[in-house]
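So this block is input33.cif, mmCIF, C-alpha atoms and all ligand atoms:
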data_model
#
loop_
_atom_site.label_atom_id
_atom_site.label_comp_id
_atom_site.auth_asym_id
_atom_site.auth_seq_id
_atom_site.Cartn_x
_atom_site.Cartn_y
_atom_site.Cartn_z
CA MET A 12 -23.03 20.18 -2.08
CA ALA A 13 -22.29 19.78 -5.81
CA LYS A 14 -24.92 18.03 -7.96
CA ASN A 15 -22.47 15.37 -9.16
CA LEU A 16 -19.49 13.63 -7.54
CA LEU A 17 -16.91 13.87 -10.32
CA SER A 18 -13.85 14.49 -8.13
CA ILE A 19 -13.06 14.51 -4.42
CA GLN A 20 -12.41 18.23 -4.98
CA ASP A 21 -16.18 18.64 -5.44
CA LEU A 22 -16.40 18.16 -1.66
CA SER A 23 -15.32 20.56 1.08
CA LYS A 24 -13.53 19.27 4.19
CA ASN A 25 -16.83 19.44 6.13
CA GLU A 26 -18.71 17.63 3.36
CA ILE A 27 -16.10 14.84 3.41
CA LEU A 28 -16.41 14.49 7.19
CA ASP A 29 -20.24 14.68 7.03
CA LEU A 30 -20.40 11.90 4.40
CA ILE A 31 -18.08 9.70 6.50
CA THR A 32 -20.19 10.29 9.64
CA PHE A 33 -23.40 9.73 7.65
CA SER A 34 -22.04 6.42 6.32
CA ASN A 35 -21.84 5.08 9.89
CA ASN A 36 -25.67 5.20 10.05
CA PHE A 37 -25.84 2.47 7.43
CA ILE A 38 -24.00 -0.11 9.57
CA ASP A 39 -25.78 -1.63 12.58
CA ASN A 40 -24.15 -2.66 15.88
CA GLU A 41 -23.43 -6.14 14.51
CA GLY A 42 -21.64 -4.73 11.47
CA ASN A 43 -24.46 -5.50 9.01
CA PHE A 44 -25.63 -3.00 6.41
CA ARG A 45 -29.07 -1.55 7.03
CA LYS A 46 -31.66 -2.01 4.32
CA GLU A 47 -33.92 1.03 4.04
CA ASP A 48 -36.49 1.64 1.35
CA LEU A 49 -35.51 5.31 1.00
CA PHE A 50 -35.49 5.69 -2.81
CA PRO A 51 -38.03 3.23 -4.33
CA ASP A 52 -38.70 5.66 -7.21
CA LYS A 53 -35.04 6.04 -8.25
CA THR A 54 -33.08 4.05 -10.82
CA VAL A 55 -29.29 3.78 -10.60
CA ALA A 56 -27.28 2.53 -13.61
CA ASN A 57 -23.90 0.94 -12.98
CA VAL A 58 -21.93 1.67 -16.19
CA PHE A 59 -18.46 0.12 -15.93
CA CYS A 60 -16.29 0.35 -19.04
CA GLU A 61 -13.30 -1.14 -17.17
CA PRO A 62 -13.20 -4.26 -14.98
CA SER A 63 -14.24 -3.97 -11.34
CA THR A 64 -15.20 -6.22 -8.46
CA ARG A 65 -15.32 -4.01 -5.37
CA THR A 66 -16.59 -0.71 -6.73
CA LYS A 67 -19.21 -2.11 -9.08
CA SER A 68 -20.57 -4.68 -6.62
CA SER A 69 -20.59 -2.28 -3.68
CA PHE A 70 -22.47 0.39 -5.65
CA ALA A 71 -25.02 -2.27 -6.71
CA ILE A 72 -25.41 -3.51 -3.12
CA ALA A 73 -25.58 0.04 -1.75
CA ALA A 74 -28.26 1.09 -4.26
CA GLY A 75 -30.25 -2.09 -3.56
CA ASN A 76 -30.00 -1.53 0.21
CA LEU A 77 -31.51 1.94 -0.32
CA GLY A 78 -34.47 0.56 -2.25
CA CYS A 79 -33.36 1.83 -5.68
CA SER A 80 -33.86 -0.09 -8.89
CA VAL A 81 -30.39 -1.04 -10.12
CA LEU A 82 -29.46 -1.41 -13.78
CA ASP A 83 -26.32 -3.53 -14.06
CA PHE A 84 -25.24 -2.30 -17.48
CA ASN A 85 -23.05 -4.88 -19.19
CA ILE A 86 -20.76 -3.19 -21.70
CA ASP A 87 -19.82 -6.52 -23.34
CA ASN A 88 -23.44 -7.15 -24.40
CA SER A 89 -24.25 -3.52 -25.17
CA SER A 90 -24.43 -1.59 -28.42
CA ILE A 91 -21.03 -0.09 -27.57
CA GLN A 92 -19.83 -3.33 -29.22
CA LYS A 93 -21.62 -2.11 -32.41
CA GLY A 94 -19.82 1.23 -32.36
CA GLU A 95 -22.15 3.32 -30.21
CA SER A 96 -20.31 5.97 -28.18
CA ILE A 97 -20.44 6.32 -24.40
CA PHE A 98 -22.31 9.62 -24.94
CA GLU A 99 -25.12 7.99 -26.98
CA THR A 100 -25.18 5.09 -24.53
CA VAL A 101 -25.64 7.21 -21.41
CA ASP A 102 -28.09 9.51 -23.24
CA ALA A 103 -30.20 6.42 -24.04
CA LEU A 104 -30.18 5.41 -20.36
CA ASN A 105 -31.16 8.98 -19.44
CA LEU A 106 -34.11 8.87 -21.87
CA MET A 107 -35.22 5.57 -20.30
CA GLY A 108 -35.48 7.23 -16.90
CA VAL A 109 -32.18 6.44 -15.17
CA ASP A 110 -31.75 9.02 -12.38
CA LEU A 111 -28.13 8.43 -11.43
CA CYS A 112 -25.22 7.02 -13.45
CA VAL A 113 -22.26 5.43 -11.68
CA LEU A 114 -19.53 5.57 -14.32
CA ARG A 115 -16.12 3.94 -14.60
CA HIS A 116 -14.34 4.80 -17.84
CA PRO A 117 -10.69 4.69 -18.98
CA GLU A 118 -10.97 8.21 -20.41
CA SER A 119 -12.04 11.58 -19.02
CA VAL A 120 -15.60 11.64 -20.34
CA ILE A 121 -17.62 12.14 -17.17
CA GLN A 122 -17.36 15.96 -17.03
CA GLU A 123 -18.68 16.32 -20.59
CA LEU A 124 -21.48 13.81 -19.92
CA ALA A 125 -22.51 15.70 -16.78
CA VAL A 126 -22.72 18.96 -18.73
CA SER A 127 -24.64 17.45 -21.66
CA LEU A 128 -27.13 15.52 -19.47
CA PRO A 129 -28.03 17.92 -16.65
CA LYS A 130 -31.06 15.94 -15.45
CA MET A 131 -28.91 12.95 -14.59
CA VAL A 132 -26.67 12.69 -11.51
CA PHE A 133 -23.14 11.35 -12.15
CA ILE A 134 -20.90 9.58 -9.66
CA ASN A 135 -17.31 8.91 -10.74
CA ALA A 136 -16.39 5.28 -10.03
CA GLY A 137 -12.93 5.51 -11.58
CA GLU A 138 -11.61 7.81 -14.33
CA GLY A 139 -8.52 6.36 -16.01
CA SER A 140 -5.43 7.10 -13.89
CA ILE A 141 -6.99 10.39 -12.82
CA SER A 142 -9.50 9.97 -10.02
CA HIS A 143 -11.56 7.62 -7.87
CA PRO A 144 -13.38 9.82 -5.33
CA THR A 145 -15.49 7.20 -3.52
CA GLN A 146 -12.32 5.13 -2.95
CA ALA A 147 -10.75 8.19 -1.27
CA LEU A 148 -13.83 8.55 0.95
CA LEU A 149 -13.78 4.90 2.03
CA ASP A 150 -10.02 5.11 2.61
CA MET A 151 -10.44 8.18 4.84
CA LYS A 152 -13.35 6.51 6.67
CA THR A 153 -11.21 3.43 7.34
CA ILE A 154 -8.39 5.58 8.73
CA ILE A 155 -10.81 7.50 10.99
CA ASP A 156 -12.36 4.20 12.20
CA HIS A 157 -8.92 3.16 13.46
CA LYS A 158 -7.13 6.41 14.26
CA LYS A 159 -10.15 8.55 15.34
CA SER A 160 -8.98 11.45 13.15
CA LEU A 161 -6.99 12.20 10.03
CA ASP A 162 -5.06 14.93 11.82
CA GLY A 163 -1.44 14.47 12.87
CA LEU A 164 -0.84 11.17 11.06
CA LYS A 165 2.30 10.00 9.26
CA ILE A 166 1.05 8.44 6.03
CA VAL A 167 3.10 6.44 3.51
CA ILE A 168 1.90 5.42 0.04
CA VAL A 169 4.04 2.86 -1.79
CA GLY A 170 3.75 1.26 -5.22
CA ASP A 171 2.89 2.21 -8.79
CA LEU A 172 1.86 5.77 -8.02
CA ASP A 173 1.96 7.15 -11.57
CA HIS A 174 -0.94 4.95 -12.68
CA SER A 175 -2.92 5.21 -9.47
CA ARG A 176 -6.20 7.12 -9.46
CA VAL A 177 -6.51 5.93 -5.85
CA THR A 178 -3.40 7.94 -4.93
CA SER A 179 -4.45 11.11 -6.75
CA SER A 180 -7.93 11.22 -5.17
CA PHE A 181 -6.58 10.28 -1.73
CA VAL A 182 -3.96 13.05 -1.91
CA GLU A 183 -6.62 15.59 -2.95
CA GLY A 184 -8.86 14.49 -0.08
CA ILE A 185 -6.19 14.28 2.61
CA SER A 186 -4.81 17.70 1.67
CA ASN A 187 -7.83 19.16 3.54
CA PHE A 188 -6.45 17.84 6.83
CA PRO A 189 -3.43 18.77 8.99
CA ILE A 190 -1.58 15.46 8.69
CA GLU A 191 1.95 15.19 10.09
CA SER A 192 3.53 13.89 6.87
CA LEU A 193 2.79 12.23 3.56
CA THR A 194 5.61 10.17 2.06
CA PHE A 195 5.53 8.61 -1.40
CA SER A 196 7.72 5.59 -2.06
CA GLY A 197 8.22 3.13 -4.88
CA HIS A 198 10.26 2.33 -7.97
CA PRO A 199 11.45 5.68 -9.44
CA GLU A 200 10.05 4.76 -12.87
CA MET A 201 6.60 4.28 -11.33
CA CYS A 202 6.76 7.49 -9.30
CA THR A 203 7.87 10.06 -11.88
CA ASN A 204 4.95 12.37 -10.98
CA TYR A 205 5.67 12.14 -7.25
CA GLN A 206 9.38 12.94 -7.01
CA SER A 207 8.71 16.65 -6.43
CA PRO A 208 5.13 16.48 -5.14
CA LYS A 209 2.98 19.53 -4.34
CA ILE A 210 2.40 18.09 -0.89
CA GLY A 211 4.52 15.49 0.90
CA ASN A 212 7.90 14.07 -0.07
CA TYR A 213 9.35 11.19 -2.10
CA GLU A 214 11.60 8.63 -0.41
CA PRO A 215 12.76 5.78 -2.69
CA ASP A 216 14.10 3.75 0.24
CA LEU A 217 10.92 2.09 1.59
CA GLU A 218 12.45 1.23 4.96
CA LYS A 219 13.32 4.90 5.52
CA ALA A 220 9.89 5.99 4.24
CA LEU A 221 8.17 3.69 6.75
CA LYS A 222 9.91 5.17 9.81
CA ASP A 223 7.24 5.73 12.51
CA ALA A 224 4.38 5.57 9.98
CA ASP A 225 0.79 5.45 11.28
CA VAL A 226 -0.79 4.48 7.95
CA VAL A 227 0.78 2.52 5.09
CA MET A 228 -1.10 2.30 1.81
CA THR A 229 0.22 -0.27 -0.67
CA LEU A 230 -0.63 -0.32 -4.39
CA ARG A 231 -0.29 -2.99 -7.02
CA ILE A 232 1.61 -2.55 -10.29
CA GLN A 233 -1.08 -1.62 -12.82
CA TYR A 234 0.30 -3.59 -15.76
CA GLU A 235 -2.80 -2.76 -17.83
CA ARG A 236 -1.90 0.95 -17.88
CA PHE A 237 1.71 0.70 -19.07
CA GLN A 238 2.14 1.98 -22.63
CA GLU A 239 5.20 -0.21 -23.19
CA GLU A 240 5.81 -3.70 -21.85
CA LEU A 241 7.19 -3.54 -18.35
CA ASN A 242 10.74 -4.87 -18.15
CA LEU A 243 10.91 -5.63 -14.47
CA ASP A 244 12.61 -8.31 -12.43
CA LEU A 245 9.93 -9.10 -9.86
CA ASP A 246 12.34 -10.54 -7.29
CA THR A 247 14.40 -7.33 -7.34
CA TYR A 248 11.22 -5.27 -7.18
CA LYS A 249 9.93 -7.23 -4.18
CA GLU A 250 13.25 -6.88 -2.37
CA SER A 251 12.93 -3.10 -2.50
CA TYR A 252 9.21 -2.36 -2.56
CA GLN A 253 7.18 -5.33 -1.31
CA LEU A 254 5.72 -4.56 2.13
CA SER A 255 6.97 -7.44 4.28
CA SER A 256 6.80 -8.03 8.04
CA GLU A 257 10.50 -7.14 8.27
CA LYS A 258 10.13 -3.78 6.50
CA LEU A 259 6.96 -3.05 8.50
CA GLU A 260 9.00 -3.13 11.72
CA ASN A 261 10.10 0.42 10.81
CA ALA A 262 6.54 1.69 11.17
CA LYS A 263 4.71 2.24 14.47
CA GLY A 264 3.52 -0.99 16.13
CA ASP A 265 -0.13 0.04 15.64
CA ALA A 266 0.29 1.21 12.04
CA ILE A 267 -2.61 0.24 9.80
CA ILE A 268 -1.97 -1.39 6.43
CA MET A 269 -4.25 -0.48 3.55
CA HIS A 270 -4.69 -1.55 -0.07
CA PRO A 271 -7.53 -0.60 -2.42
CA GLY A 272 -7.47 -4.03 -4.07
CA PRO A 273 -7.16 -6.11 -6.09
CA VAL A 274 -4.04 -7.48 -4.34
CA ASN A 275 -1.33 -9.29 -6.35
CA TYR A 276 1.03 -10.23 -3.45
CA VAL A 277 3.90 -8.57 -5.31
CA GLU A 278 3.39 -5.26 -3.49
CA ILE A 279 2.55 -6.88 -0.12
CA THR A 280 3.24 -10.30 1.40
CA GLU A 281 0.40 -12.61 2.38
CA ALA A 282 1.63 -12.42 5.98
CA VAL A 283 1.20 -8.62 6.05
CA TYR A 284 -2.17 -8.85 4.27
CA ASP A 285 -3.33 -11.29 6.97
CA SER A 286 -1.67 -9.49 9.89
CA GLU A 287 -3.64 -7.79 12.65
CA ASN A 288 -2.40 -4.43 11.34
CA SER A 289 -4.18 -5.02 8.03
CA VAL A 290 -7.48 -3.18 7.50
CA ILE A 291 -7.73 -4.15 3.83
CA ARG A 292 -10.83 -6.30 4.24
CA GLN A 293 -12.48 -3.54 6.28
CA GLN A 294 -11.84 -1.13 3.39
CA ILE A 295 -13.92 -3.42 1.17
CA ALA A 296 -16.81 -3.49 3.66
CA ASN A 297 -16.59 0.28 4.21
CA GLY A 298 -17.08 0.69 0.47
CA VAL A 299 -20.73 -0.32 0.83
CA ALA A 300 -21.42 2.10 3.70
CA ILE A 301 -19.68 5.00 1.95
CA ARG A 302 -21.54 4.32 -1.29
CA MET A 303 -24.86 4.16 0.58
CA ALA A 304 -24.05 7.58 2.03
CA VAL A 305 -22.97 8.99 -1.34
CA LEU A 306 -26.01 7.65 -3.19
CA SER A 307 -28.39 8.92 -0.48
CA GLN A 308 -26.82 12.36 -0.53
CA PHE A 309 -26.66 12.76 -4.30
CA LEU A 310 -30.10 11.20 -4.97
CA SER A 311 -31.59 13.65 -2.48
CA GLY A 312 -30.16 16.50 -4.56
N1 LIG B 1 -10.48 -0.52 -5.47
C1 LIG B 1 -11.13 -0.75 -6.63
O1 LIG B 1 -11.50 0.18 -7.35
O2 LIG B 1 -11.35 -2.07 -6.89
P1 LIG B 1 -12.14 -2.65 -8.16
O3 LIG B 1 -11.32 -2.34 -9.38
O4 LIG B 1 -12.31 -4.12 -7.88
O5 LIG B 1 -13.47 -1.92 -8.23
#
What's the structure tokens form of this structure?
Ligand code: CP
Amino acid sequence: MAKNLLSIQDLSKNEILDLITFSNNFIDNEGNFRKEDLFPDKTVANVFCEPSTRTKSSFAIAAGNLGCSVLDFNIDNSSIQKGESIFETVDALNLMGVDLCVLRHPESVIQELAVSLPKMVFINAGEGSISHPTQALLDMKTIIDHKKSLDGLKIVIVGDLDHSRVTSSFVEGISNFPIESLTFSGHPEMCTNYQSPKIGNYEPDLEKALKDADVVMTLRIQYERFQEELNLDLDTYKESYQLSSEKLENAKGDAIIMHPGPVNYVEITEAVYDSENSVIRQQIANGVAIRMAVLSQFLSG
């Protein structure tokens, strides 16, 4: 296994499956997370230079459950506000004895940090629009929990794909498996990179895209990543691309509905979010188990 988890491509198909299986050990029969004092001598720093609820909190909970010391680094009160770079910041944490850095950053800095600080382990918790490997792992775990396997599935991803690091890491991860089909859907101006994809196909008509789907992943519009102000009529957008109960009738009756969060209820109705097909809240819980498995694996070197 690689020393750092910078991309889902750092993991082989077997390593992905092993991490998902391993993560199941951290959930007991009642669905609670096990607390095991496995790494009392390790310090994990959570360095988030973009907002986060799920990823940051689940890494902190996972590290705490494993007996690590957890440094919840707050960028707003840090010397980054006085002009210090992310490189000097993480180097300072390294010199203070941090063993593993969980990093979310809007730019691609994690590869250079990993090279310049070889004693530290780096886990990518979100790199701009580029990658989010632990999200891909928890997404694949959630699918396996419900569908037993990733093989042979019809998967649809709909929403603002161009800005979605969730999509790019998921596509890299799922490309290891013999799925039946992968269909991208969404507003053409938000799917410019997916109209002639390397794997899968683009279908702008969501109802057609959903035909017989086993898995439907919905994504919010990432307003914060648009370079120019988005000139969009939300009612028109919802008519075409919001996942509603009516549109969902095109998918298989037991299709699972996913969303990495946060949810805005533009891309999905509240009724679909709350429906029995929705596994969105399970994705959040699976984030803790997957991050316990990832931290255990990468702290063990
Ligand atoms: N899915 C995800 O990365 O959510 P947060 O931004 O809340 O961490």
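For the residues A:Glu257, A:Asp171, A:Glu118, A:Glu61, ranking by smallest atom-to-atom distance to ligand LIG 1 (chain B) using all atoms listed in the file places A:Glu61 first.
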Selection near A:His116, 9 Å with only C-alpha atoms, sequence-local residues under 2 positions removed, as a ChimeraX atom specification: /A:58-61,114,118-121,135-139
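Going from atom CA of A:Arg302 to atom CA of A:Thr66 covers 8.9 Å.
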Would you list the residues near (-31.5, 6.8, -23.7) (no more than 12 Å away, in the coordinates of the file, using only C-alpha atoms) as a PDB file with C-alpha atoms, keeping the file's coordinate frame?
ATOM      1  CA  ALA A  56     -27.280   2.530 -13.610  1.00  0.00           C
ATOM      2  CA  SER A  90     -24.430  -1.590 -28.420  1.00  0.00           C
ATOM      3  CA  GLU A  95     -22.150   3.320 -30.210  1.00  0.00           C
ATOM      4  CA  ILE A  97     -20.440   6.320 -24.400  1.00  0.00           C
ATOM      5  CA  PHE A  98     -22.310   9.620 -24.940  1.00  0.00           C
ATOM      6  CA  GLU A  99     -25.120   7.990 -26.980  1.00  0.00           C
ATOM      7  CA  THR A 100     -25.180   5.090 -24.530  1.00  0.00           C
ATOM      8  CA  VAL A 101     -25.640   7.210 -21.410  1.00  0.00           C
ATOM      9  CA  ASP A 102     -28.090   9.510 -23.240  1.00  0.00           C
ATOM     10  CA  ALA A 103     -30.200   6.420 -24.040  1.00  0.00           C
ATOM     11  CA  LEU A 104     -30.180   5.410 -20.360  1.00  0.00           C
ATOM     12  CA  ASN A 105     -31.160   8.980 -19.440  1.00  0.00           C
ATOM     13  CA  LEU A 106     -34.110   8.870 -21.870  1.00  0.00           C
ATOM     14  CA  MET A 107     -35.220   5.570 -20.300  1.00  0.00           C
ATOM     15  CA  GLY A 108     -35.480   7.230 -16.900  1.00  0.00           C
ATOM     16  CA  VAL A 109     -32.180   6.440 -15.170  1.00  0.00           C
ATOM     17  CA  ASP A 110     -31.750   9.020 -12.380  1.00  0.00           C
ATOM     18  CA  LEU A 128     -27.130  15.520 -19.470  1.00  0.00           C
ATOM     19  CA  MET A 131     -28.910  12.950 -14.590  1.00  0.00           C
TER      20      MET A 131
END
Per-residue nearest contacts of chain A to ligand LIG 1 (chain B) (10 Å; only C-alpha atoms and all ligand atoms) as CSV:
residue,atom,partner,partner_atom,distance
A:Phe59,CA,B:LIG1,O5,9.4
A:Glu61,CA,B:LIG1,O3,8.1
A:Pro62,CA,B:LIG1,O3,6.2
A:Ser63,CA,B:LIG1,O5,3.8
A:Thr64,CA,B:LIG1,O4,3.6
A:Arg65,CA,B:LIG1,O4,3.9
A:Thr66,CA,B:LIG1,O5,3.7
A:Lys67,CA,B:LIG1,O5,5.8
A:Ser68,CA,B:LIG1,O5,7.8
A:Ser69,CA,B:LIG1,O5,8.5
A:Phe70,CA,B:LIG1,O5,9.6
A:Arg115,CA,B:LIG1,O5,9.1
A:Ala136,CA,B:LIG1,O1,7.6
A:Gly137,CA,B:LIG1,O1,7.0
A:His143,CA,B:LIG1,O1,7.5
A:Thr145,CA,B:LIG1,O1,8.9
A:Gln146,CA,B:LIG1,N1,6.5
A:Ala147,CA,B:LIG1,N1,9.7
A:Leu149,CA,B:LIG1,N1,9.8
A:Asp150,CA,B:LIG1,N1,9.9
A:Arg176,CA,B:LIG1,O1,9.0
A:Val177,CA,B:LIG1,N1,7.6
A:Leu230,CA,B:LIG1,N1,9.9
A:His270,CA,B:LIG1,N1,8.0
A:Pro271,CA,B:LIG1,N1,4.2
A:Gly272,CA,B:LIG1,N1,4.8
A:Pro273,CA,B:LIG1,O4,5.8
A:Val274,CA,B:LIG1,O2,9.4
A:Gln294,CA,B:LIG1,N1,9.0
A:Ile295,CA,B:LIG1,N1,8.0
A:Gly298,CA,B:LIG1,N1,9.0
Atom CA of A:Met228 to atom CA of A:Ser307, distance in Å rounded to a single decimal: 28.2 Å
Grab all the atoms of stretch 128-146 of chain A that the file lists, wrap them in a box along x, y and z, add 6 Å per side, and give me centre plus edge lengths in Å (one decimal) as lines of an AutoDock Vina configuration file.
center_x = -18.2
center_y = 11.5
center_z = -11.2
size_x = 37.6
size_y = 24.8
size_z = 28.5
From A:Asp265, A:Asp52, A:Asp21, A:Asp29, residue lying nearest A:Ile301 [all atoms listed in the file]: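 Using all atoms listed in the file, the shortest distance to A:Ile301 belongs to A:Asp29.
As for atom CA of A:Gly197 and atom CA of A:Tyr248, they are spaced 9.2 Å apart.
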Selection as a list of chain:residue names: residues within 6 Å of (6.8, 3.1, 3.2), counting all atoms listed in the file: A:Val167, A:Val169, A:Ser196, A:Leu217, A:Ala220, A:Leu221
Using all atoms listed in the file: which of A:Ser160, A:Thr229, A:Gln308, A:Ser179 has the shortest distance to A:Met269: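 Among A:Ser160, A:Thr229, A:Gln308, A:Ser179, it is A:Thr229 that comes nearest to A:Met269.
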Of the listed residues A:Gly94, A:Gly184, A:Pro199, A:Gly163, that which approaches A:Ser18 most closely, counting only C-alpha atoms: A:Gly184
Near-stretch 241-245 of chain A list (10 Å; only C-alpha atoms; drop same-chain fewer than 5 positions) as a count of residues only: 8
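Each of A:Asp225, A:Met303, A:Leu124, A:His157 was checked against A:Asp48 using all atoms listed in the file; the smallest atom-to-atom distance is that of A:Met303.
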For A:Lys249, the nearest of the candidates A:Ser180, A:Ile291, A:Gln92, A:Gly170, counting all atoms listed in the file: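 Closest residue, counting all atoms listed in the file: A:Gly170.
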For A:Ser286: contacts at 12 Å, only C-alpha atoms, fewer than 6 positions along chain excluded, given as a list in words: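 Counting only C-alpha atoms, the residues come to Leu254, Ser255, Ser256, Leu259, Gly264, Asp265, Ala266, Ile267, Ile268, Met269, Ile279, Thr280 and Arg292 of chain A.
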Contact residues around A:Ile190 with only C-alpha atoms at 8 Å, ignoring same-chain residues under 6 positions, as a PyMOL selection string: chain A and resi 161-166
Give me a file of those residues, with C-alpha atoms, as a PDB file, keeping the file's coordinate frame.
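Contents of part_17.pdb, freshly written:
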ATOM      1  CA  LEU A 161      -6.990  12.200  10.030  1.00  0.00           C
ATOM      2  CA  ASP A 162      -5.060  14.930  11.820  1.00  0.00           C
ATOM      3  CA  GLY A 163      -1.440  14.470  12.870  1.00  0.00           C
ATOM      4  CA  LEU A 164      -0.840  11.170  11.060  1.00  0.00           C
ATOM      5  CA  LYS A 165       2.300  10.000   9.260  1.00  0.00           C
ATOM      6  CA  ILE A 166       1.050   8.440   6.030  1.00  0.00           C
TER       7      ILE A 166
END
Quick one: residues within 9 Å of A:Leu22, all atoms listed in the file counted, chain neighbours fewer than 3 positions away excluded, as a CSV table (one decimal) with C-alpha atoms, in the coordinates of the input?
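File part_19.csv, as written:
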chain,number,residue,atom,x,y,z
A,12,MET,CA,-23.0,20.2,-2.1
A,13,ALA,CA,-22.3,19.8,-5.8
A,16,LEU,CA,-19.5,13.6,-7.5
A,18,SER,CA,-13.8,14.5,-8.1
A,19,ILE,CA,-13.1,14.5,-4.4
A,25,ASN,CA,-16.8,19.4,6.1
A,26,GLU,CA,-18.7,17.6,3.4
A,27,ILE,CA,-16.1,14.8,3.4
A,184,GLY,CA,-8.9,14.5,-0.1
